[in-house]
file upload.pdb (PDB, C-alpha atoms and all ligand atoms)
MODEL        1
ATOM      1  CA  MET A   1      -5.113  10.598  -4.075
ATOM      2  CA  VAL A   2      -3.311   8.249  -1.725
ATOM      3  CA  VAL A   3      -0.782   5.652  -2.879
ATOM      4  CA  SER A   4       0.544   2.898  -0.610
ATOM      5  CA  VAL A   5       3.809   1.477  -1.966
ATOM      6  CA  GLY A   6       4.865  -1.826  -0.412
ATOM      7  CA  GLY A   7       8.407  -2.205   0.868
ATOM      8  CA  SER A   8       8.585  -5.417  -1.151
ATOM      9  CA  VAL A   9       8.135  -3.248  -4.263
ATOM     10  CA  LEU A  10      10.737  -0.635  -3.269
ATOM     11  CA  PHE A  11      13.398  -3.241  -2.507
ATOM     12  CA  THR A  12      13.448  -6.423  -4.553
ATOM     13  CA  GLY A  13      17.231  -6.775  -4.778
ATOM     14  CA  SER A  14      17.122  -6.009  -8.487
ATOM     15  CA  GLY A  15      17.089  -2.587 -10.161
ATOM     16  CA  ASP A  16      16.025  -0.840  -6.954
ATOM     17  CA  ALA A  17      17.804   2.468  -7.587
ATOM     18  CA  GLU A  18      16.391   2.625 -11.140
ATOM     19  CA  TYR A  19      12.942   1.868  -9.766
ATOM     20  CA  HIS A  20      13.154   4.645  -7.145
ATOM     21  CA  HIS A  21      14.289   7.018  -9.863
ATOM     22  CA  ALA A  22      11.375   6.161 -12.176
ATOM     23  CA  LEU A  23       8.800   6.047  -9.355
ATOM     24  CA  ALA A  24       9.900   9.474  -8.123
ATOM     25  CA  SER A  25       9.506  10.897 -11.647
ATOM     26  CA  LEU A  26       6.030   9.381 -12.007
ATOM     27  CA  LEU A  27       4.891  10.746  -8.629
ATOM     28  CA  HIS A  28       6.324  14.158  -9.424
ATOM     29  CA  ARG A  29       4.460  14.183 -12.755
ATOM     30  CA  MET A  30       1.212  12.960 -11.186
ATOM     31  CA  ALA A  31       1.401  15.579  -8.428
ATOM     32  CA  ARG A  32       0.921  18.260 -11.079
ATOM     33  CA  ARG A  33      -2.562  16.809 -11.689
ATOM     34  CA  PHE A  34      -3.548  15.476  -8.251
ATOM     35  CA  ALA A  35      -2.521  16.260  -4.697
ATOM     36  CA  LEU A  36      -0.747  13.040  -3.698
ATOM     37  CA  VAL A  37       0.088  11.358  -0.407
ATOM     38  CA  VAL A  38       2.391   8.337  -0.645
ATOM     39  CA  THR A  39       3.117   5.796   2.097
ATOM     40  CA  THR A  40       6.141   3.485   1.944
ATOM     41  CA  GLY A  41       6.260  -0.006   3.482
ATOM     42  CA  GLY A  42       9.159  -1.753   5.179
ATOM     43  CA  GLY A  43       9.221  -4.989   3.142
ATOM     44  CA  ARG A  44      11.849  -7.648   3.724
ATOM     45  CA  THR A  45      14.111  -5.358   5.754
ATOM     46  CA  ALA A  46      11.332  -4.699   8.287
ATOM     47  CA  ARG A  47      10.493  -8.393   8.462
ATOM     48  CA  GLU A  48      14.156  -9.308   9.080
ATOM     49  CA  TYR A  49      14.354  -6.884  12.011
ATOM     50  CA  ILE A  50      11.002  -8.123  13.319
ATOM     51  CA  ALA A  51      12.073 -11.800  13.055
ATOM     52  CA  THR A  52      15.327 -11.106  14.925
ATOM     53  CA  GLY A  53      13.494  -9.019  17.541
ATOM     54  CA  ARG A  54      10.941 -11.807  18.013
ATOM     55  CA  SER A  55      13.774 -14.312  18.612
ATOM     56  CA  LEU A  56      15.108 -11.903  21.238
ATOM     57  CA  GLY A  57      11.742 -11.881  23.024
ATOM     58  CA  LEU A  58      10.630  -8.331  22.138
ATOM     59  CA  THR A  59       6.942  -7.532  22.571
ATOM     60  CA  GLU A  60       4.625  -7.133  19.544
ATOM     61  CA  VAL A  61       4.573  -3.372  20.171
ATOM     62  CA  GLU A  62       8.381  -3.226  20.162
ATOM     63  CA  LEU A  63       8.421  -5.286  16.952
ATOM     64  CA  ASP A  64       5.908  -2.902  15.371
ATOM     65  CA  GLU A  65       8.172  -0.001  16.341
ATOM     66  CA  LEU A  66      11.124  -1.652  14.601
ATOM     67  CA  GLY A  67       8.953  -2.023  11.501
ATOM     68  CA  ILE A  68       7.857   1.619  11.694
ATOM     69  CA  ASP A  69      11.473   2.796  11.762
ATOM     70  CA  VAL A  70      12.220   0.867   8.563
ATOM     71  CA  THR A  71       9.139   2.266   6.786
ATOM     72  CA  ARG A  72      10.301   5.774   7.743
ATOM     73  CA  LEU A  73      13.755   5.085   6.357
ATOM     74  CA  HIS A  74      12.157   4.120   3.040
ATOM     75  CA  ALA A  75       9.997   7.263   3.106
ATOM     76  CA  ARG A  76      13.054   9.428   3.701
ATOM     77  CA  LEU A  77      14.863   7.831   0.762
ATOM     78  CA  LEU A  78      11.966   8.299  -1.677
ATOM     79  CA  ALA A  79      11.196  11.835  -0.439
ATOM     80  CA  ALA A  80      14.841  12.824  -0.834
ATOM     81  CA  ARG A  81      14.876  11.562  -4.416
ATOM     82  CA  ILE A  82      11.603  13.359  -5.238
ATOM     83  CA  GLY A  83      12.713  16.644  -3.703
ATOM     84  CA  PRO A  84      10.343  19.653  -3.517
ATOM     85  CA  PRO A  85       7.410  19.820  -3.064
ATOM     86  CA  ALA A  86       7.780  16.666  -0.916
ATOM     87  CA  PRO A  87       9.080  17.560   2.574
ATOM     88  CA  PRO A  88      12.492  15.863   3.075
ATOM     89  CA  VAL A  89      11.647  14.759   6.626
ATOM     90  CA  PRO A  90       8.503  12.611   6.514
ATOM     91  CA  PRO A  91       5.797  13.343   9.121
ATOM     92  CA  THR A  92       5.471  10.748  11.877
ATOM     93  CA  SER A  93       1.811  11.107  12.849
ATOM     94  CA  LEU A  94      -1.519  11.165  11.024
ATOM     95  CA  ALA A  95      -2.275  14.638  12.364
ATOM     96  CA  ALA A  96       1.027  16.049  11.078
ATOM     97  CA  ALA A  97       0.517  14.336   7.709
ATOM     98  CA  VAL A  98      -3.015  15.739   7.334
ATOM     99  CA  ASP A  99      -1.751  19.201   8.186
ATOM    100  CA  LEU A 100       1.137  19.001   5.685
ATOM    101  CA  ALA A 101      -1.099  17.523   2.987
ATOM    102  CA  HIS A 102      -3.221  20.663   3.100
ATOM    103  CA  HIS A 103      -0.195  22.712   2.035
ATOM    104  CA  ARG A 104       1.820  20.343  -0.162
ATOM    105  CA  ARG A 105       0.850  18.637  -3.404
ATOM    106  CA  LEU A 106       3.120  15.698  -2.650
ATOM    107  CA  LEU A 107       3.932  14.058   0.655
ATOM    108  CA  VAL A 108       5.754  10.811   1.504
ATOM    109  CA  LEU A 109       5.589   9.084   4.881
ATOM    110  CA  GLY A 110       6.106   5.728   6.560
ATOM    111  CA  GLY A 111       4.366   4.285   9.603
ATOM    112  CA  THR A 112       2.754   6.132  12.492
ATOM    113  CA  GLU A 113       1.979   3.975  15.549
ATOM    114  CA  PRO A 114       1.994   0.241  16.462
ATOM    115  CA  GLY A 115      -0.914  -2.033  15.615
ATOM    116  CA  HIS A 116      -1.224  -1.799  11.855
ATOM    117  CA  THR A 117       0.819  -1.431   8.661
ATOM    118  CA  THR A 118       1.362   1.468   6.278
ATOM    119  CA  ASP A 119      -1.756   0.247   4.419
ATOM    120  CA  ALA A 120      -3.833   1.514   7.356
ATOM    121  CA  VAL A 121      -1.861   4.770   7.406
ATOM    122  CA  ALA A 122      -2.762   5.228   3.728
ATOM    123  CA  ALA A 123      -6.406   4.336   4.382
ATOM    124  CA  LEU A 124      -6.817   6.636   7.398
ATOM    125  CA  LEU A 125      -5.215   9.514   5.514
ATOM    126  CA  ALA A 126      -7.526   8.857   2.562
ATOM    127  CA  VAL A 127     -10.523   9.089   4.883
ATOM    128  CA  ARG A 128      -9.283  12.265   6.586
ATOM    129  CA  LEU A 129      -8.381  13.919   3.270
ATOM    130  CA  ARG A 130     -11.530  12.661   1.509
ATOM    131  CA  ALA A 131      -9.409  11.041  -1.188
ATOM    132  CA  ALA A 132     -11.052   9.839  -4.392
ATOM    133  CA  ARG A 133      -9.289   6.460  -4.171
ATOM    134  CA  VAL A 134      -6.351   4.563  -2.693
ATOM    135  CA  VAL A 135      -3.896   2.720  -4.899
ATOM    136  CA  ASN A 136      -1.980  -0.104  -3.242
ATOM    137  CA  ALA A 137       1.201  -0.721  -5.237
ATOM    138  CA  THR A 138       2.257  -4.208  -4.323
ATOM    139  CA  ARG A 139       4.421  -7.073  -5.611
ATOM    140  CA  VAL A 140       1.553  -8.969  -7.299
ATOM    141  CA  PRO A 141      -0.717  -7.540 -10.009
ATOM    142  CA  GLY A 142      -3.899  -7.785  -7.927
ATOM    143  CA  LEU A 143      -5.564 -10.058  -5.397
ATOM    144  CA  TYR A 144      -5.626 -13.777  -6.232
ATOM    145  CA  ASP A 145      -7.738 -16.645  -4.945
ATOM    146  CA  ARG A 146      -4.459 -18.465  -4.148
ATOM    147  CA  ASP A 147      -0.814 -17.390  -3.938
ATOM    148  CA  PRO A 148       0.216 -16.956  -7.602
ATOM    149  CA  ARG A 149       3.887 -17.482  -6.681
ATOM    150  CA  HIS A 150       3.190 -21.028  -5.555
ATOM    151  CA  ASP A 151       0.090 -22.052  -7.499
ATOM    152  CA  PRO A 152       0.008 -21.658 -11.308
ATOM    153  CA  ALA A 153      -3.792 -22.152 -11.263
ATOM    154  CA  ALA A 154      -4.302 -19.011  -9.153
ATOM    155  CA  ARG A 155      -6.843 -16.582 -10.604
ATOM    156  CA  ARG A 156      -6.998 -12.844 -10.082
ATOM    157  CA  PHE A 157     -10.124 -11.078  -8.865
ATOM    158  CA  ASP A 158     -10.860  -8.152 -11.201
ATOM    159  CA  ARG A 159     -13.427  -6.617  -8.861
ATOM    160  CA  LEU A 160     -14.599  -7.274  -5.340
ATOM    161  CA  SER A 161     -17.199  -5.687  -3.089
ATOM    162  CA  TRP A 162     -16.078  -4.416   0.320
ATOM    163  CA  PRO A 163     -17.821  -7.296   2.204
ATOM    164  CA  GLU A 164     -16.086  -9.856  -0.045
ATOM    165  CA  PHE A 165     -12.691  -8.211   0.398
ATOM    166  CA  ARG A 166     -13.038  -7.747   4.163
ATOM    167  CA  GLU A 167     -13.862 -11.433   4.526
ATOM    168  CA  ILE A 168     -10.680 -12.378   2.603
ATOM    169  CA  VAL A 169      -8.586  -9.958   4.685
ATOM    170  CA  ARG A 170     -10.075 -11.333   7.929
ATOM    171  CA  ARG A 171      -9.182 -14.914   6.915
ATOM    172  CA  SER A 172      -5.646 -13.931   5.839
ATOM    173  CA  THR A 173      -4.417 -11.679   8.683
ATOM    174  CA  ASP A 174      -4.017 -11.987  12.437
ATOM    175  CA  GLY A 175      -2.631  -8.540  13.314
ATOM    176  CA  ARG A 176       0.873  -9.707  14.317
ATOM    177  CA  ALA A 177       3.921  -7.548  13.525
ATOM    178  CA  GLY A 178       5.430  -8.102  10.084
ATOM    179  CA  GLN A 179       2.505 -10.023   8.612
ATOM    180  CA  GLU A 180       2.570 -10.489   4.861
ATOM    181  CA  PHE A 181      -0.794  -9.866   3.192
ATOM    182  CA  VAL A 182      -1.710  -7.541   0.362
ATOM    183  CA  PHE A 183      -3.703  -5.126   2.626
ATOM    184  CA  ASP A 184      -4.283  -4.916   6.358
ATOM    185  CA  ARG A 185      -7.481  -5.250   8.383
ATOM    186  CA  PRO A 186      -7.731  -1.742   9.907
ATOM    187  CA  GLY A 187      -7.061  -0.222   6.487
ATOM    188  CA  ALA A 188      -9.748  -2.323   4.786
ATOM    189  CA  ASP A 189     -12.250  -1.509   7.557
ATOM    190  CA  ALA A 190     -11.571   2.252   7.332
ATOM    191  CA  LEU A 191     -11.926   2.371   3.530
ATOM    192  CA  ALA A 192     -15.044   0.182   3.538
ATOM    193  CA  ARG A 193     -16.732   2.429   6.100
ATOM    194  CA  ALA A 194     -15.910   5.562   4.114
ATOM    195  CA  GLY A 195     -16.767   3.956   0.743
ATOM    196  CA  ILE A 196     -13.406   4.892  -0.774
ATOM    197  CA  PRO A 197     -12.384   2.521  -3.596
ATOM    198  CA  LEU A 198      -9.083   0.626  -3.419
ATOM    199  CA  TRP A 199      -6.969  -0.505  -6.364
ATOM    200  CA  ILE A 200      -4.448  -3.318  -5.876
ATOM    201  CA  VAL A 201      -1.886  -3.171  -8.684
ATOM    202  CA  ALA A 202       1.673  -4.285  -9.448
ATOM    203  CA  GLY A 203       3.965  -1.561  -8.110
ATOM    204  CA  ARG A 204       6.780  -2.276 -10.529
ATOM    205  CA  ASP A 205       4.570  -1.699 -13.585
ATOM    206  CA  LEU A 206       4.770   2.092 -13.498
ATOM    207  CA  THR A 207       2.654   2.651 -16.620
ATOM    208  CA  ASN A 208      -0.208   0.734 -15.058
ATOM    209  CA  LEU A 209       0.371   2.389 -11.670
ATOM    210  CA  GLY A 210       0.010   5.773 -13.385
ATOM    211  CA  VAL A 211      -3.271   4.641 -14.978
ATOM    212  CA  ALA A 212      -4.623   3.552 -11.575
ATOM    213  CA  ILE A 213      -3.596   6.829  -9.913
ATOM    214  CA  ALA A 214      -5.263   8.791 -12.699
ATOM    215  CA  GLY A 215      -8.506   6.816 -12.291
ATOM    216  CA  GLY A 216      -8.262   4.917 -15.577
ATOM    217  CA  ARG A 217      -8.897   1.258 -16.375
ATOM    218  CA  ALA A 218      -5.844  -0.278 -14.763
ATOM    219  CA  VAL A 219      -4.903  -3.959 -14.631
ATOM    220  CA  GLY A 220      -5.398  -5.198 -11.086
ATOM    221  CA  THR A 221      -8.143  -5.699  -8.525
ATOM    222  CA  LEU A 222     -10.621  -2.922  -7.825
ATOM    223  CA  ILE A 223     -12.411  -3.086  -4.475
ATOM    224  CA  GLY A 224     -15.545  -1.084  -3.836
ATOM    225  CA  GLY A 225     -15.491   0.659  -7.182
ATOM    226  CA  ALA A 226     -18.149   0.810  -9.882
ATOM    227  CA  ARG A 227     -19.806  -2.576 -10.488
ATOM    228  CA  ALA A 228     -18.051  -3.950  -7.410
ATOM    229  CA  THR A 229     -21.164  -5.855  -6.406
ATOM    230  CA  ASP A 230     -21.420  -7.589  -9.796
ATOM    231  CA  LYS A 231     -20.133 -11.020  -8.748
ATOM    232  CA  SER A 232     -20.245 -12.352 -12.312
ATOM    233  CA  SER A 233     -17.321 -10.060 -13.172
ATOM    234  CA  GLY A 234     -15.341 -11.522 -10.275
ATOM    235  CA  ARG A 235     -12.313 -13.322 -11.636
ATOM    236  CA  SER A 236      -9.933 -13.322 -14.527
ATOM    237  CA  ALA A 237      -7.217 -15.676 -15.678
ATOM    238  CA  ARG A 238      -3.620 -15.192 -14.614
ATOM    239  CA  PRO A 239      -1.970 -12.311 -16.480
TER     240      PRO A 239
HETATM  241  P1  LIG B 301       4.593  -2.388   6.342
HETATM  242  O1  LIG B 301       3.689  -1.282   6.104
HETATM  243  O2  LIG B 301       5.794  -2.557   5.536
HETATM  244  O3  LIG B 301       3.760  -3.736   6.317
HETATM  245  O4  LIG B 301       5.034  -2.340   7.860
HETATM  246  P2  LIG B 301       3.748  -4.918   5.256
HETATM  247  O5  LIG B 301       2.358  -5.427   5.175
HETATM  248  O6  LIG B 301       4.826  -5.873   5.672
HETATM  249  O7  LIG B 301       4.042  -4.246   3.846
HETATM  250  P3  LIG B 301       5.135  -4.484   2.715
HETATM  251  O8  LIG B 301       5.757  -5.850   2.841
HETATM  252  O9  LIG B 301       6.115  -3.395   2.921
HETATM  253  O10 LIG B 301       4.334  -4.353   1.492
HETATM  254  C1  LIG B 301       5.969  -3.295   8.397
HETATM  255  C2  LIG B 301       5.613  -3.539   9.832
HETATM  256  O11 LIG B 301       5.835  -2.343  10.613
HETATM  257  C3  LIG B 301       4.844  -2.220  11.634
HETATM  258  C4  LIG B 301       3.983  -3.493  11.541
HETATM  259  O12 LIG B 301       4.548  -4.485  12.386
HETATM  260  C5  LIG B 301       4.156  -3.903  10.085
HETATM  261  O13 LIG B 301       3.901  -5.289   9.892
HETATM  262  N1  LIG B 301       4.071  -0.950  11.439
HETATM  263  C6  LIG B 301       4.118  -0.273  10.257
HETATM  264  C7  LIG B 301       3.305  -0.445  12.477
HETATM  265  O14 LIG B 301       3.213  -1.050  13.562
HETATM  266  N2  LIG B 301       2.627   0.749  12.303
HETATM  267  C8  LIG B 301       2.672   1.447  11.141
HETATM  268  O15 LIG B 301       2.037   2.531  11.038
HETATM  269  C9  LIG B 301       3.432   0.914  10.079
ENDMDL
END

call {"tool": "encode", "arguments": {"input": "upload.pdb", "output": "structure tokens", "more": "lines below"}}
Ligand code: UTP
result
Amino acid sequence: MVVSVGGSVLFTGSGDAEYHHALASLLHRMARRFALVVTTGGGRTAREYIATGRSLGLTEVELDELGIDVTRLHARLLAARIGPPAPPVPPTSLAAAVDLAHHRRLLVLGGTEPGHTTDAVAALLAVRLRAARVVNATRVPGLYDRDPRHDPAARRFDRLSWPEFREIVRRSTDGRAGQEFVFDRPGADALARAGIPLWIVAGRDLTNLGVAIAGGRAVGTLIGGARATDKSSGRSARP
């Protein structure tokens, strides 16, 4: 099982320490049932560094590297709170993460190299480790046809096929450092190719996150799962 936790979920400015505490307990509990790999995003902090770096004329690669450092800071914080069996120093490459994941039931890491986000790190690890599914814990409870923060008429997709989702991702991302979309392009491509299902769920709803990790009927958007090609089941009203 691979879980990608967005930085915007880890740090909202409200109840963050309590959230880390509860998330660590959930992951610890879940790791007794499933071997778990968890990636942590950089969120607003990464974007602030990237915006300042961009004003200073840094290259996209340098901006990505700033973002990676922030994601690793978040991984270190969560891993330290979890404690054993999670290694306290998160691995910094896919190869090291794959190697560690073969020996540990729980592993937390941030970014690896420039050119993608921690979503792709989660996806590539899922492919290498032959994970049953990836759960993307994000700030919205699924993928919407419009931004639910700005448009009250936005509707959530309950299920999407991989071609449908990849088309949405392609329209919504351009690959620049610090982009803000629910999942990144390389990650979606890797999971689609391997046929590994992806759940998009609200990261702050830990009960529901636990259901998604355990393979139950979670609230959110399921991509590439059972009945994913049934377009009639496509959308639901706002929660
Ligand atoms: P995130 O994984 O946080 O991306 O990486 P995000 O989509 O902004 O996710 P949230 O907001 O945390 O949910 C932040 C930035 O760090 C760089 C990219 O520039 C990315 O946008 N990064 C991260 C990399 O270049 N490589 C990585 O492996 C990870």

call {"tool": "atom_distance", "arguments": {"input": "upload.pdb", "atom1": "CA of Ala51 in chain A", "atom2": "CA of Leu23 in chain A"}}
result
28.8 Å

call {"tool": "residues_around", "arguments": {"input": "upload.pdb", "residues": "range 83-93 of chain A", "least_positions_apart": "2", "cutoff": "7 Å", "atoms": "all atoms listed in the file", "output": "PDB file with C-alpha atoms, in the coordinates of the input"}}
result
ATOM      1  CA  ALA A  75       9.997   7.263   3.106  1.00  0.00           C
ATOM      2  CA  ARG A  76      13.054   9.428   3.701  1.00  0.00           C
ATOM      3  CA  ALA A  79      11.196  11.835  -0.439  1.00  0.00           C
ATOM      4  CA  ALA A  80      14.841  12.824  -0.834  1.00  0.00           C
ATOM      5  CA  ARG A  81      14.876  11.562  -4.416  1.00  0.00           C
ATOM      6  CA  ALA A  95      -2.275  14.638  12.364  1.00  0.00           C
ATOM      7  CA  ALA A  96       1.027  16.049  11.078  1.00  0.00           C
ATOM      8  CA  ALA A  97       0.517  14.336   7.709  1.00  0.00           C
ATOM      9  CA  ARG A 104       1.820  20.343  -0.162  1.00  0.00           C
ATOM     10  CA  ARG A 105       0.850  18.637  -3.404  1.00  0.00           C
ATOM     11  CA  LEU A 106       3.120  15.698  -2.650  1.00  0.00           C
ATOM     12  CA  LEU A 107       3.932  14.058   0.655  1.00  0.00           C
ATOM     13  CA  VAL A 108       5.754  10.811   1.504  1.00  0.00           C
ATOM     14  CA  LEU A 109       5.589   9.084   4.881  1.00  0.00           C
ATOM     15  CA  GLY A 111       4.366   4.285   9.603  1.00  0.00           C
ATOM     16  CA  THR A 112       2.754   6.132  12.492  1.00  0.00           C
TER      17      THR A 112
END

call {"tool": "closest_residue", "arguments": {"input": "upload.pdb", "among": "A:Leu63, A:Ile196, A:Ala120, A:Ala214", "to": "Gly178 in chain A", "atoms": "all atoms listed in the file"}}
result
A:Leu63

call {"tool": "resolve_selection", "arguments": {"input": "upload.pdb", "expression": "the PyMOL selection byres (((chain A and resi 172) around 12) and not hetatm)", "output": "short mmCIF file (atom, residue, chain, number, x, y, z; two decimals) with C-alpha atoms, in the frame of the given file"}}
result
data_model
loop_
_atom_site.label_atom_id
_atom_site.label_comp_id
_atom_site.auth_asym_id
_atom_site.auth_seq_id
_atom_site.Cartn_x
_atom_site.Cartn_y
_atom_site.Cartn_z
CA LEU A 143 -5.56 -10.06 -5.40
CA ASP A 145 -7.74 -16.64 -4.94
CA ARG A 146 -4.46 -18.46 -4.15
CA ASP A 147 -0.81 -17.39 -3.94
CA PHE A 165 -12.69 -8.21 0.40
CA ARG A 166 -13.04 -7.75 4.16
CA GLU A 167 -13.86 -11.43 4.53
CA ILE A 168 -10.68 -12.38 2.60
CA VAL A 169 -8.59 -9.96 4.68
CA ARG A 170 -10.07 -11.33 7.93
CA ARG A 171 -9.18 -14.91 6.92
CA THR A 173 -4.42 -11.68 8.68
CA ASP A 174 -4.02 -11.99 12.44
CA GLY A 175 -2.63 -8.54 13.31
CA ARG A 176 0.87 -9.71 14.32
CA GLN A 179 2.50 -10.02 8.61
CA GLU A 180 2.57 -10.49 4.86
CA PHE A 181 -0.79 -9.87 3.19
CA VAL A 182 -1.71 -7.54 0.36
CA PHE A 183 -3.70 -5.13 2.63
CA ASP A 184 -4.28 -4.92 6.36
CA ARG A 185 -7.48 -5.25 8.38
#

call {"tool": "atom_distance", "arguments": {"input": "upload.pdb", "atom1": "CA of Asn136 in chain A", "atom2": "CA of Arg159 in chain A"}}
result
14.3 Å

call {"tool": "residues_around", "arguments": {"input": "upload.pdb", "residues": "range 129-135 of chain A", "least_positions_apart": "4", "cutoff": "10 Å", "atoms": "all atoms listed in the file", "output": "PyMOL selection string"}}
result
chain A and resi 1-5+35-38+97-99+101-102+119+122-125+191+194-201+203+209-210+212-215+222-225

call {"tool": "residues_near_ligand", "arguments": {"input": "upload.pdb", "ligand": "ligand LIG 301 (chain B)", "cutoff": "8 Å", "atoms": "all atoms listed in the file", "output": "JSON list (two decimals) with C-alpha atoms, in the coordinates of the input"}}
result
[["chain", "number", "residue", "atom", "x", "y", "z"],
["A", 5, "VAL", "CA", 3.81, 1.48, -1.97],
["A", 6, "GLY", "CA", 4.86, -1.83, -0.41],
["A", 7, "GLY", "CA", 8.41, -2.20, 0.87],
["A", 8, "SER", "CA", 8.59, -5.42, -1.15],
["A", 9, "VAL", "CA", 8.14, -3.25, -4.26],
["A", 40, "THR", "CA", 6.14, 3.48, 1.94],
["A", 41, "GLY", "CA", 6.26, -0.01, 3.48],
["A", 42, "GLY", "CA", 9.16, -1.75, 5.18],
["A", 43, "GLY", "CA", 9.22, -4.99, 3.14],
["A", 44, "ARG", "CA", 11.85, -7.65, 3.72],
["A", 46, "ALA", "CA", 11.33, -4.70, 8.29],
["A", 47, "ARG", "CA", 10.49, -8.39, 8.46],
["A", 50, "ILE", "CA", 11.00, -8.12, 13.32],
["A", 60, "GLU", "CA", 4.62, -7.13, 19.54],
["A", 61, "VAL", "CA", 4.57, -3.37, 20.17],
["A", 63, "LEU", "CA", 8.42, -5.29, 16.95],
["A", 64, "ASP", "CA", 5.91, -2.90, 15.37],
["A", 65, "GLU", "CA", 8.17, 0.00, 16.34],
["A", 66, "LEU", "CA", 11.12, -1.65, 14.60],
["A", 67, "GLY", "CA", 8.95, -2.02, 11.50],
["A", 68, "ILE", "CA", 7.86, 1.62, 11.69],
["A", 69, "ASP", "CA", 11.47, 2.80, 11.76],
["A", 70, "VAL", "CA", 12.22, 0.87, 8.56],
["A", 71, "THR", "CA", 9.14, 2.27, 6.79],
["A", 110, "GLY", "CA", 6.11, 5.73, 6.56],
["A", 111, "GLY", "CA", 4.37, 4.28, 9.60],
["A", 112, "THR", "CA", 2.75, 6.13, 12.49],
["A", 113, "GLU", "CA", 1.98, 3.98, 15.55],
["A", 114, "PRO", "CA", 1.99, 0.24, 16.46],
["A", 115, "GLY", "CA", -0.91, -2.03, 15.62],
["A", 116, "HIS", "CA", -1.22, -1.80, 11.86],
["A", 117, "THR", "CA", 0.82, -1.43, 8.66],
["A", 118, "THR", "CA", 1.36, 1.47, 6.28],
["A", 119, "ASP", "CA", -1.76, 0.25, 4.42],
["A", 120, "ALA", "CA", -3.83, 1.51, 7.36],
["A", 121, "VAL", "CA", -1.86, 4.77, 7.41],
["A", 138, "THR", "CA", 2.26, -4.21, -4.32],
["A", 139, "ARG", "CA", 4.42, -7.07, -5.61],
["A", 176, "ARG", "CA", 0.87, -9.71, 14.32],
["A", 177, "ALA", "CA", 3.92, -7.55, 13.52],
["A", 178, "GLY", "CA", 5.43, -8.10, 10.08],
["A", 179, "GLN", "CA", 2.50, -10.02, 8.61],
["A", 180, "GLU", "CA", 2.57, -10.49, 4.86],
["A", 181, "PHE", "CA", -0.79, -9.87, 3.19],
["A", 182, "VAL", "CA", -1.71, -7.54, 0.36],
["A", 183, "PHE", "CA", -3.70, -5.13, 2.63],
["A", 184, "ASP", "CA", -4.28, -4.92, 6.36]]

call {"tool": "closest_residue", "arguments": {"input": "upload.pdb", "among": "A:Thr207, A:Ala126, A:Arg156, A:Asp151", "to": "Ala192 in chain A", "atoms": "all atoms listed in the file"}}
result
A:Ala126
